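Here is structure.pdb, consisting of PDB, C-alpha atoms:
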ATOM      1  CA  MET A   1      93.373  78.177 -26.510
ATOM      2  CA  LYS A   2      90.029  77.284 -24.911
ATOM      3  CA  GLN A   3      88.178  78.064 -28.150
ATOM      4  CA  SER A   4      90.684  75.935 -30.059
ATOM      5  CA  ILE A   5      90.152  72.957 -27.757
ATOM      6  CA  HIS A   6      86.361  73.247 -28.010
ATOM      7  CA  SER A   7      86.558  73.662 -31.781
ATOM      8  CA  SER A   8      88.894  70.703 -32.201
ATOM      9  CA  PHE A   9      86.738  68.480 -30.014
ATOM     10  CA  ALA A  10      83.546  69.543 -31.767
ATOM     11  CA  ILE A  11      85.034  68.923 -35.189
ATOM     12  CA  ALA A  12      86.264  65.510 -34.083
ATOM     13  CA  VAL A  13      82.851  64.608 -32.687
ATOM     14  CA  ILE A  14      80.830  65.863 -35.642
ATOM     15  CA  ALA A  15      83.206  65.094 -38.430
ATOM     16  CA  ALA A  16      84.480  61.941 -37.077
ATOM     17  CA  GLY A  17      82.588  60.455 -39.385
ATOM     18  CA  LEU A  18      81.707  57.380 -41.013
ATOM     19  CA  SER A  19      81.811  54.394 -43.370
ATOM     20  CA  LEU A  20      80.072  51.058 -43.832
ATOM     21  CA  ASN A  21      81.227  47.654 -44.948
ATOM     22  CA  SER A  22      79.957  44.119 -44.666
ATOM     23  CA  TYR A  23      80.381  43.874 -40.911
ATOM     24  CA  ALA A  24      77.331  43.778 -38.616
ATOM     25  CA  GLN A  25      75.972  47.029 -37.243
ATOM     26  CA  SER A  26      74.347  47.710 -33.896
ATOM     27  CA  SER A  27      72.919  51.079 -34.981
ATOM     28  CA  PRO A  28      71.860  52.319 -38.434
ATOM     29  CA  GLY A  29      74.531  55.025 -38.336
ATOM     30  CA  GLN A  30      77.351  52.798 -37.121
ATOM     31  CA  VAL A  31      80.047  51.616 -39.484
ATOM     32  CA  ASP A  32      82.492  48.870 -38.654
ATOM     33  CA  PHE A  33      85.760  49.653 -40.415
ATOM     34  CA  GLY A  34      87.235  46.361 -39.259
ATOM     35  CA  LYS A  35      90.571  45.844 -37.541
ATOM     36  CA  PHE A  36      93.756  47.679 -38.401
ATOM     37  CA  THR A  37      97.398  47.020 -37.697
ATOM     38  CA  ALA A  38     100.056  49.652 -37.356
ATOM     39  CA  PRO A  39     102.126  50.179 -40.498
ATOM     40  CA  GLY A  40     105.764  49.199 -40.387
ATOM     41  CA  ASN A  41     108.623  51.653 -39.988
ATOM     42  CA  GLY A  42     106.901  53.539 -37.165
ATOM     43  CA  GLY A  43     104.188  55.007 -39.418
ATOM     44  CA  GLU A  44     101.294  56.944 -37.949
ATOM     45  CA  PHE A  45      98.606  54.845 -36.273
ATOM     46  CA  VAL A  46      95.664  56.162 -34.259
ATOM     47  CA  GLU A  47      92.579  54.369 -32.957
ATOM     48  CA  VAL A  48      89.937  56.297 -31.050
ATOM     49  CA  GLN A  49      86.599  54.894 -29.944
ATOM     50  CA  VAL A  50      84.530  56.974 -27.577
ATOM     51  CA  LYS A  51      81.175  55.594 -26.449
ATOM     52  CA  SER A  52      78.139  57.290 -24.953
ATOM     53  CA  ASN A  53      79.228  57.105 -21.299
ATOM     54  CA  LEU A  54      82.391  59.120 -21.899
ATOM     55  CA  ILE A  55      80.574  61.445 -24.292
ATOM     56  CA  SER A  56      77.995  62.144 -21.555
ATOM     57  CA  ILE A  57      80.807  63.123 -19.203
ATOM     58  CA  ALA A  58      82.207  65.464 -21.871
ATOM     59  CA  ALA A  59      78.746  67.023 -22.271
ATOM     60  CA  LYS A  60      78.605  67.745 -18.543
ATOM     61  CA  LEU A  61      82.063  69.329 -18.649
ATOM     62  CA  VAL A  62      81.120  71.827 -21.377
ATOM     63  CA  GLU A  63      77.467  72.335 -20.415
ATOM     64  CA  LYS A  64      77.794  75.694 -18.636
ATOM     65  CA  GLU A  65      80.084  77.383 -21.138
ATOM     66  CA  GLU A  66      78.862  75.725 -24.350
ATOM     67  CA  PRO A  67      75.238  74.556 -23.927
ATOM     68  CA  ASP A  68      74.795  73.994 -27.667
ATOM     69  CA  ALA A  69      77.883  71.783 -27.778
ATOM     70  CA  ALA A  70      76.607  69.868 -24.739
ATOM     71  CA  LYS A  71      73.259  69.302 -26.445
ATOM     72  CA  VAL A  72      74.935  67.883 -29.548
ATOM     73  CA  LEU A  73      77.217  65.697 -27.435
ATOM     74  CA  ARG A  74      74.200  64.218 -25.627
ATOM     75  CA  SER A  75      72.789  63.135 -28.977
ATOM     76  CA  VAL A  76      75.976  61.277 -29.930
ATOM     77  CA  GLU A  77      76.177  57.558 -29.145
ATOM     78  CA  MET A  78      79.663  56.803 -30.402
ATOM     79  CA  VAL A  79      82.656  58.287 -32.200
ATOM     80  CA  ARG A  80      85.275  56.167 -33.920
ATOM     81  CA  VAL A  81      88.347  57.484 -35.688
ATOM     82  CA  ASN A  82      91.131  55.479 -37.326
ATOM     83  CA  VAL A  83      94.251  56.976 -38.846
ATOM     84  CA  VAL A  84      96.659  54.613 -40.589
ATOM     85  CA  GLY A  85      99.933  55.842 -42.029
ATOM     86  CA  LEU A  86     100.621  54.808 -45.608
ATOM     87  CA  ASN A  87     103.818  53.283 -46.897
ATOM     88  CA  ASP A  88     104.819  51.236 -49.936
ATOM     89  CA  GLU A  89     103.694  47.999 -48.271
ATOM     90  CA  ASN A  90     100.132  49.016 -47.318
ATOM     91  CA  ARG A  91      99.158  51.841 -49.702
ATOM     92  CA  GLU A  92      97.382  49.671 -52.298
ATOM     93  CA  GLU A  93      95.579  47.558 -49.669
ATOM     94  CA  MET A  94      94.383  50.582 -47.687
ATOM     95  CA  THR A  95      93.236  52.425 -50.820
ATOM     96  CA  LYS A  96      91.204  49.399 -51.911
ATOM     97  CA  ARG A  97      89.776  49.085 -48.415
ATOM     98  CA  VAL A  98      88.547  52.692 -48.413
ATOM     99  CA  GLU A  99      87.092  52.276 -51.907
ATOM    100  CA  LYS A 100      85.238  49.135 -50.726
ATOM    101  CA  ILE A 101      83.882  50.983 -47.688
ATOM    102  CA  ARG A 102      82.601  53.740 -49.985
ATOM    103  CA  GLN A 103      80.948  51.208 -52.305
ATOM    104  CA  ASP A 104      79.275  49.558 -49.313
ATOM    105  CA  LEU A 105      78.052  52.923 -48.034
ATOM    106  CA  ASP A 106      76.510  53.667 -51.420
ATOM    107  CA  ALA A 107      74.886  50.205 -51.506
ATOM    108  CA  GLN A 108      73.491  50.653 -47.989
ATOM    109  CA  GLY A 109      71.730  53.903 -48.878
ATOM    110  CA  TRP A 110      74.156  56.362 -47.315
ATOM    111  CA  GLU A 111      74.168  59.715 -49.091
ATOM    112  CA  ARG A 112      77.482  61.069 -50.322
ATOM    113  CA  ASN A 113      77.457  64.750 -49.416
ATOM    114  CA  VAL A 114      81.057  65.637 -50.186
ATOM    115  CA  ASN A 115      83.464  64.288 -52.794
ATOM    116  CA  VAL A 116      86.827  66.025 -53.068
ATOM    117  CA  GLN A 117      89.689  65.036 -55.339
ATOM    118  CA  GLY A 118      92.529  67.370 -54.391
ATOM    119  CA  LYS A 119      95.527  68.452 -56.448
ATOM    120  CA  LYS A 120      97.923  67.021 -53.875
ATOM    121  CA  GLY A 121      96.403  63.553 -53.993
ATOM    122  CA  GLU A 122      93.732  64.027 -51.332
ATOM    123  CA  ASP A 123      90.565  62.003 -51.841
ATOM    124  CA  VAL A 124      87.749  62.824 -49.410
ATOM    125  CA  GLY A 125      84.246  61.391 -49.128
ATOM    126  CA  VAL A 126      81.666  62.470 -46.545
ATOM    127  CA  TYR A 127      78.519  60.378 -46.147
ATOM    128  CA  THR A 128      75.387  60.733 -44.046
ATOM    129  CA  LYS A 129      72.729  58.276 -42.960
ATOM    130  CA  THR A 130      69.486  59.958 -41.961
ATOM    131  CA  ARG A 131      66.496  59.016 -39.834
ATOM    132  CA  GLY A 132      63.883  60.313 -42.249
ATOM    133  CA  GLU A 133      63.862  64.088 -42.362
ATOM    134  CA  GLU A 134      64.326  64.472 -38.632
ATOM    135  CA  ALA A 135      67.926  63.626 -37.762
ATOM    136  CA  LEU A 136      71.250  62.140 -38.728
ATOM    137  CA  ALA A 137      71.813  58.552 -37.613
ATOM    138  CA  GLY A 138      75.437  58.719 -38.678
ATOM    139  CA  VAL A 139      78.144  60.628 -40.453
ATOM    140  CA  THR A 140      81.123  58.919 -42.059
ATOM    141  CA  ILE A 141      84.250  60.550 -43.383
ATOM    142  CA  THR A 142      86.785  58.706 -45.532
ATOM    143  CA  VAL A 143      90.075  60.330 -46.468
ATOM    144  CA  ILE A 144      92.903  58.999 -48.560
ATOM    145  CA  ALA A 145      95.829  61.399 -48.270
ATOM    146  CA  PRO A 146      99.384  60.984 -49.521
ATOM    147  CA  LYS A 147     100.672  59.995 -46.070
ATOM    148  CA  ASN A 148      97.646  58.375 -44.385
ATOM    149  CA  VAL A 149      94.097  57.110 -44.488
ATOM    150  CA  VAL A 150      91.536  58.568 -42.093
ATOM    151  CA  LEU A 151      88.209  56.910 -41.335
ATOM    152  CA  ALA A 152      85.739  58.518 -38.960
ATOM    153  CA  ASN A 153      82.224  57.570 -37.850
ATOM    154  CA  VAL A 154      79.865  59.534 -35.615
ATOM    155  CA  VAL A 155      76.715  57.708 -34.538
ATOM    156  CA  GLY A 156      73.704  59.204 -32.828
ATOM    157  CA  ASP A 157      70.448  61.029 -33.225
ATOM    158  CA  ILE A 158      71.773  64.394 -34.327
ATOM    159  CA  LYS A 159      69.386  67.104 -35.447
ATOM    160  CA  PRO A 160      70.568  69.424 -38.253
ATOM    161  CA  GLU A 161      69.742  72.494 -36.164
ATOM    162  CA  GLN A 162      72.078  71.164 -33.451
ATOM    163  CA  VAL A 163      74.941  71.037 -35.930
ATOM    164  CA  ALA A 164      74.152  74.590 -37.034
ATOM    165  CA  ALA A 165      73.891  75.840 -33.440
ATOM    166  CA  LEU A 166      77.172  74.196 -32.536
ATOM    167  CA  GLY A 167      78.857  75.753 -35.567
ATOM    168  CA  GLU A 168      77.488  79.156 -34.631
ATOM    169  CA  SER A 169      78.350  78.950 -30.934
ATOM    170  CA  LEU A 170      81.900  77.759 -31.585
ATOM    171  CA  ASN A 171      82.301  79.806 -34.798
ATOM    172  CA  ILE A 172      83.323  76.746 -36.820
ATOM    173  CA  LYS A 173      82.707  77.479 -40.487
ATOM    174  CA  PRO A 174      82.797  73.814 -41.668
ATOM    175  CA  LEU A 175      80.044  72.940 -39.184
ATOM    176  CA  LYS A 176      77.960  75.894 -40.311
ATOM    177  CA  ASP A 177      78.411  74.796 -43.932
ATOM    178  CA  ALA A 178      77.672  71.152 -43.095
ATOM    179  CA  ALA A 179      74.473  72.128 -41.346
ATOM    180  CA  LYS A 180      73.346  74.097 -44.415
ATOM    181  CA  ALA A 181      74.092  71.136 -46.696
ATOM    182  CA  ILE A 182      72.263  68.709 -44.408
ATOM    183  CA  LYS A 183      69.146  70.900 -44.230
ATOM    184  CA  LYS A 184      68.788  70.973 -48.028
TER
END
Can you turn what I pasted into structure tokens?
Amino acid sequence: MKQSIHSSFAIAVIAAGLSLNSYAQSSPGQVDFGKFTAPGNGGEFVEVQVKSNLISIAAKLVEKEEPDAAKVLRSVEMVRVNVVGLNDENREEMTKRVEKIRQDLDAQGWERNVNVQGKKGEDVGVYTKTRGEEALAGVTITVIAPKNVVLANVVGDIKPEQVAALGESLNIKPLKDAAKAIKK
């Protein structure tokens, strides 16, 4: 259970990833997805925004048992995650919105590291914004799934070796793989 909580939190922090549109940014890795409203008919709607003060507290909580995770958390400035359920009324609008975010990311020099077009209608894009060869300024994940859209942005000064160490310490294969892809 403890491992699962740490793994889930680490994945959320690292993968929470990221997208950019025409809104102003306060950090090179930050993406403003804009405002969302809950879909009708009680559809899924989640908004999470965790800033550095709360992330610092989380780092202190895990420091003794997971020092690598604590180190990564200290390098994170902000995490934002939005999940919006899709229905007949908002599906086209939300799909266009995600496509626009992806176009803006490409135009702003973000690197698309992952592009998945799944058999069941999943459409995933993972983007990174780097600070030279030293660190990640941001990671953005955009997902269009049959039942929802997920947008995630992690902002910070994250070193690739931190991602790898976190993946190793928590035995999270996607983080290990991400770290390898980022180092290339």
*Expected selection from the PyMOL selection byres ((chain A and resi 73-80) around 7), given as a ChimeraX atom specification*: /A:13,16,48-52,55-56,59,69-72,81-82,152-158
Just-selected residues, C-alpha atoms written as a short mmCIF file (atom, residue, chain, number, x, y, z; two decimals), in the frame of the given file:
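This is the output file out_14.cif:
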data_model
loop_
_atom_site.label_atom_id
_atom_site.label_comp_id
_atom_site.auth_asym_id
_atom_site.auth_seq_id
_atom_site.Cartn_x
_atom_site.Cartn_y
_atom_site.Cartn_z
CA VAL A 13 82.85 64.61 -32.69
CA ALA A 16 84.48 61.94 -37.08
CA VAL A 48 89.94 56.30 -31.05
CA GLN A 49 86.60 54.89 -29.94
CA VAL A 50 84.53 56.97 -27.58
CA LYS A 51 81.18 55.59 -26.45
CA SER A 52 78.14 57.29 -24.95
CA ILE A 55 80.57 61.44 -24.29
CA SER A 56 78.00 62.14 -21.56
CA ALA A 59 78.75 67.02 -22.27
CA ALA A 69 77.88 71.78 -27.78
CA ALA A 70 76.61 69.87 -24.74
CA LYS A 71 73.26 69.30 -26.44
CA VAL A 72 74.94 67.88 -29.55
CA VAL A 81 88.35 57.48 -35.69
CA ASN A 82 91.13 55.48 -37.33
CA ALA A 152 85.74 58.52 -38.96
CA ASN A 153 82.22 57.57 -37.85
CA VAL A 154 79.86 59.53 -35.62
CA VAL A 155 76.72 57.71 -34.54
CA GLY A 156 73.70 59.20 -32.83
CA ASP A 157 70.45 61.03 -33.22
CA ILE A 158 71.77 64.39 -34.33
#
Where does stretch 113-133 of chain A meet stretch 30-42 of chain A within 12 Å, residue by residue, with the nearest atom pair and distance in Å to one decimal for each, counting only C-alpha atoms, listed by chain and rising number, as a tab-separated table?
residue	atom	partner	partner_atom	distance
A:Tyr127	CA	A:Val31	CA	11.1
A:Thr128	CA	A:Gln30	CA	10.7
A:Lys129	CA	A:Gln30	CA	9.2
A:Thr130	CA	A:Gln30	CA	11.7
*Residues matched by the PyMOL selection byres ((chain A and resi 84-91) around 6) as a PyMOL selection string*: chain A and resi 43-45+83+92-94+147-149
_Distance in Å - atom CA of A:Glu47 versus atom CA of A:Gln162_ =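 One can read the atom CA of A:Glu47 to atom CA of A:Gln162 distance as 26.5 Å.
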*Quick one: distance from atom CA of A:Glu122 to atom CA of A:Asp106 in Å, one decimal?*
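Atom CA of A:Glu122 sits 20.1 Å away from atom CA of A:Asp106.
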*Expand the PyMOL selection byres ((chain A and resi 111) around 12) into the individual residues it matches in the shown file, reporting them as a ChimeraX atom specification.*
/A:18-20,29,102-110,112-115,125-130,136-141,181-182
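Here atom CA of A:Lys159 is placed at a distance of 20.4 Å from atom CA of A:Leu54.
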*Would you mind listing what lies within 12 Å of A:Lys119 as number ranges by chain, with all atoms listed in the file counted and same-chain residues fewer than 4 positions away left out?*
A: 123-124, 145-146
Could N, CA and C atoms be built for stretch 110-146 of chain A and written out as a PDB file, keeping the file's coordinate frame?
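Okay, result-v5.pdb is ready:
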ATOM      1  N   TRP A 110      73.560  55.150 -47.866  1.00  0.00           N
ATOM      2  CA  TRP A 110      74.156  56.362 -47.315  1.00  0.00           C
ATOM      3  C   TRP A 110      74.238  57.389 -48.436  1.00  0.00           C
ATOM      4  N   GLU A 111      74.098  58.646 -48.099  1.00  0.00           N
ATOM      5  CA  GLU A 111      74.168  59.715 -49.091  1.00  0.00           C
ATOM      6  C   GLU A 111      75.549  60.348 -49.068  1.00  0.00           C
ATOM      7  N   ARG A 112      76.181  60.407 -50.231  1.00  0.00           N
ATOM      8  CA  ARG A 112      77.482  61.069 -50.322  1.00  0.00           C
ATOM      9  C   ARG A 112      77.227  62.556 -50.449  1.00  0.00           C
ATOM     10  N   ASN A 113      77.673  63.308 -49.433  1.00  0.00           N
ATOM     11  CA  ASN A 113      77.457  64.750 -49.416  1.00  0.00           C
ATOM     12  C   ASN A 113      78.656  65.529 -49.921  1.00  0.00           C
ATOM     13  N   VAL A 114      79.832  64.954 -49.773  1.00  0.00           N
ATOM     14  CA  VAL A 114      81.057  65.637 -50.186  1.00  0.00           C
ATOM     15  C   VAL A 114      81.944  64.640 -50.915  1.00  0.00           C
ATOM     16  N   ASN A 115      82.489  65.076 -52.035  1.00  0.00           N
ATOM     17  CA  ASN A 115      83.464  64.288 -52.794  1.00  0.00           C
ATOM     18  C   ASN A 115      84.538  65.257 -53.259  1.00  0.00           C
ATOM     19  N   VAL A 116      85.741  65.114 -52.721  1.00  0.00           N
ATOM     20  CA  VAL A 116      86.827  66.025 -53.068  1.00  0.00           C
ATOM     21  C   VAL A 116      88.007  65.216 -53.596  1.00  0.00           C
ATOM     22  N   GLN A 117      88.475  65.603 -54.762  1.00  0.00           N
ATOM     23  CA  GLN A 117      89.689  65.036 -55.339  1.00  0.00           C
ATOM     24  C   GLN A 117      90.689  66.185 -55.437  1.00  0.00           C
ATOM     25  N   GLY A 118      91.609  66.244 -54.477  1.00  0.00           N
ATOM     26  CA  GLY A 118      92.529  67.370 -54.391  1.00  0.00           C
ATOM     27  C   GLY A 118      93.717  67.255 -55.319  1.00  0.00           C
ATOM     28  N   LYS A 119      94.347  68.390 -55.579  1.00  0.00           N
ATOM     29  CA  LYS A 119      95.527  68.452 -56.448  1.00  0.00           C
ATOM     30  C   LYS A 119      96.720  67.711 -55.848  1.00  0.00           C
ATOM     31  N   LYS A 120      96.783  67.647 -54.547  1.00  0.00           N
ATOM     32  CA  LYS A 120      97.923  67.021 -53.875  1.00  0.00           C
ATOM     33  C   LYS A 120      97.646  65.561 -53.522  1.00  0.00           C
ATOM     34  N   GLY A 121      96.684  64.960 -54.200  1.00  0.00           N
ATOM     35  CA  GLY A 121      96.403  63.553 -53.993  1.00  0.00           C
ATOM     36  C   GLY A 121      95.383  63.255 -52.907  1.00  0.00           C
ATOM     37  N   GLU A 122      94.748  64.273 -52.341  1.00  0.00           N
ATOM     38  CA  GLU A 122      93.732  64.027 -51.332  1.00  0.00           C
ATOM     39  C   GLU A 122      92.460  63.522 -52.014  1.00  0.00           C
ATOM     40  N   ASP A 123      91.808  62.584 -51.355  1.00  0.00           N
ATOM     41  CA  ASP A 123      90.565  62.003 -51.841  1.00  0.00           C
ATOM     42  C   ASP A 123      89.644  61.898 -50.629  1.00  0.00           C
ATOM     43  N   VAL A 124      88.611  62.733 -50.585  1.00  0.00           N
ATOM     44  CA  VAL A 124      87.749  62.824 -49.410  1.00  0.00           C
ATOM     45  C   VAL A 124      86.311  62.499 -49.797  1.00  0.00           C
ATOM     46  N   GLY A 125      85.663  61.688 -48.972  1.00  0.00           N
ATOM     47  CA  GLY A 125      84.246  61.391 -49.128  1.00  0.00           C
ATOM     48  C   GLY A 125      83.557  61.550 -47.784  1.00  0.00           C
ATOM     49  N   VAL A 126      82.455  62.298 -47.766  1.00  0.00           N
ATOM     50  CA  VAL A 126      81.666  62.470 -46.545  1.00  0.00           C
ATOM     51  C   VAL A 126      80.264  61.943 -46.843  1.00  0.00           C
ATOM     52  N   TYR A 127      79.806  61.040 -45.977  1.00  0.00           N
ATOM     53  CA  TYR A 127      78.519  60.378 -46.147  1.00  0.00           C
ATOM     54  C   TYR A 127      77.639  60.604 -44.925  1.00  0.00           C
ATOM     55  N   THR A 128      76.322  60.645 -45.162  1.00  0.00           N
ATOM     56  CA  THR A 128      75.387  60.733 -44.046  1.00  0.00           C
ATOM     57  C   THR A 128      74.316  59.670 -44.190  1.00  0.00           C
ATOM     58  N   LYS A 129      73.864  59.196 -43.045  1.00  0.00           N
ATOM     59  CA  LYS A 129      72.729  58.276 -42.960  1.00  0.00           C
ATOM     60  C   LYS A 129      71.693  58.997 -42.119  1.00  0.00           C
ATOM     61  N   THR A 130      70.504  59.179 -42.663  1.00  0.00           N
ATOM     62  CA  THR A 130      69.486  59.958 -41.961  1.00  0.00           C
ATOM     63  C   THR A 130      68.406  59.057 -41.372  1.00  0.00           C
ATOM     64  N   ARG A 131      67.715  59.625 -40.387  1.00  0.00           N
ATOM     65  CA  ARG A 131      66.496  59.016 -39.834  1.00  0.00           C
ATOM     66  C   ARG A 131      65.350  59.857 -40.388  1.00  0.00           C
ATOM     67  N   GLY A 132      64.918  59.513 -41.588  1.00  0.00           N
ATOM     68  CA  GLY A 132      63.883  60.313 -42.249  1.00  0.00           C
ATOM     69  C   GLY A 132      64.380  61.725 -42.461  1.00  0.00           C
ATOM     70  N   GLU A 133      63.494  62.684 -42.211  1.00  0.00           N
ATOM     71  CA  GLU A 133      63.862  64.088 -42.362  1.00  0.00           C
ATOM     72  C   GLU A 133      64.180  64.730 -41.027  1.00  0.00           C
ATOM     73  N   GLU A 134      64.201  63.941 -39.984  1.00  0.00           N
ATOM     74  CA  GLU A 134      64.326  64.472 -38.632  1.00  0.00           C
ATOM     75  C   GLU A 134      65.752  64.616 -38.128  1.00  0.00           C
ATOM     76  N   ALA A 135      66.610  63.612 -38.401  1.00  0.00           N
ATOM     77  CA  ALA A 135      67.926  63.626 -37.762  1.00  0.00           C
ATOM     78  C   ALA A 135      68.921  62.785 -38.543  1.00  0.00           C
ATOM     79  N   LEU A 136      70.177  62.963 -38.194  1.00  0.00           N
ATOM     80  CA  LEU A 136      71.250  62.140 -38.728  1.00  0.00           C
ATOM     81  C   LEU A 136      71.453  60.945 -37.799  1.00  0.00           C
ATOM     82  N   ALA A 137      71.489  59.757 -38.380  1.00  0.00           N
ATOM     83  CA  ALA A 137      71.813  58.552 -37.613  1.00  0.00           C
ATOM     84  C   ALA A 137      73.317  58.357 -37.590  1.00  0.00           C
ATOM     85  N   GLY A 138      73.994  58.883 -38.617  1.00  0.00           N
ATOM     86  CA  GLY A 138      75.437  58.719 -38.678  1.00  0.00           C
ATOM     87  C   GLY A 138      76.059  59.608 -39.729  1.00  0.00           C
ATOM     88  N   VAL A 139      77.313  59.892 -39.501  1.00  0.00           N
ATOM     89  CA  VAL A 139      78.144  60.628 -40.453  1.00  0.00           C
ATOM     90  C   VAL A 139      79.431  59.835 -40.591  1.00  0.00           C
ATOM     91  N   THR A 140      79.875  59.642 -41.821  1.00  0.00           N
ATOM     92  CA  THR A 140      81.123  58.919 -42.059  1.00  0.00           C
ATOM     93  C   THR A 140      82.012  59.756 -42.962  1.00  0.00           C
ATOM     94  N   ILE A 141      83.268  59.826 -42.586  1.00  0.00           N
ATOM     95  CA  ILE A 141      84.250  60.550 -43.383  1.00  0.00           C
ATOM     96  C   ILE A 141      85.357  59.576 -43.752  1.00  0.00           C
ATOM     97  N   THR A 142      85.687  59.549 -45.040  1.00  0.00           N
ATOM     98  CA  THR A 142      86.785  58.706 -45.532  1.00  0.00           C
ATOM     99  C   THR A 142      87.782  59.612 -46.243  1.00  0.00           C
ATOM    100  N   VAL A 143      89.036  59.491 -45.872  1.00  0.00           N
ATOM    101  CA  VAL A 143      90.075  60.330 -46.468  1.00  0.00           C
ATOM    102  C   VAL A 143      91.251  59.451 -46.868  1.00  0.00           C
ATOM    103  N   ILE A 144      91.655  59.596 -48.105  1.00  0.00           N
ATOM    104  CA  ILE A 144      92.903  58.999 -48.560  1.00  0.00           C
ATOM    105  C   ILE A 144      93.820  60.176 -48.867  1.00  0.00           C
ATOM    106  N   ALA A 145      94.871  60.317 -48.080  1.00  0.00           N
ATOM    107  CA  ALA A 145      95.829  61.399 -48.270  1.00  0.00           C
ATOM    108  C   ALA A 145      97.166  60.766 -48.663  1.00  0.00           C
ATOM    109  N   PRO A 146      98.102  61.559 -49.125  1.00  0.00           N
ATOM    110  CA  PRO A 146      99.384  60.984 -49.521  1.00  0.00           C
ATOM    111  C   PRO A 146     100.100  60.210 -48.402  1.00  0.00           C
TER     112      PRO A 146
END
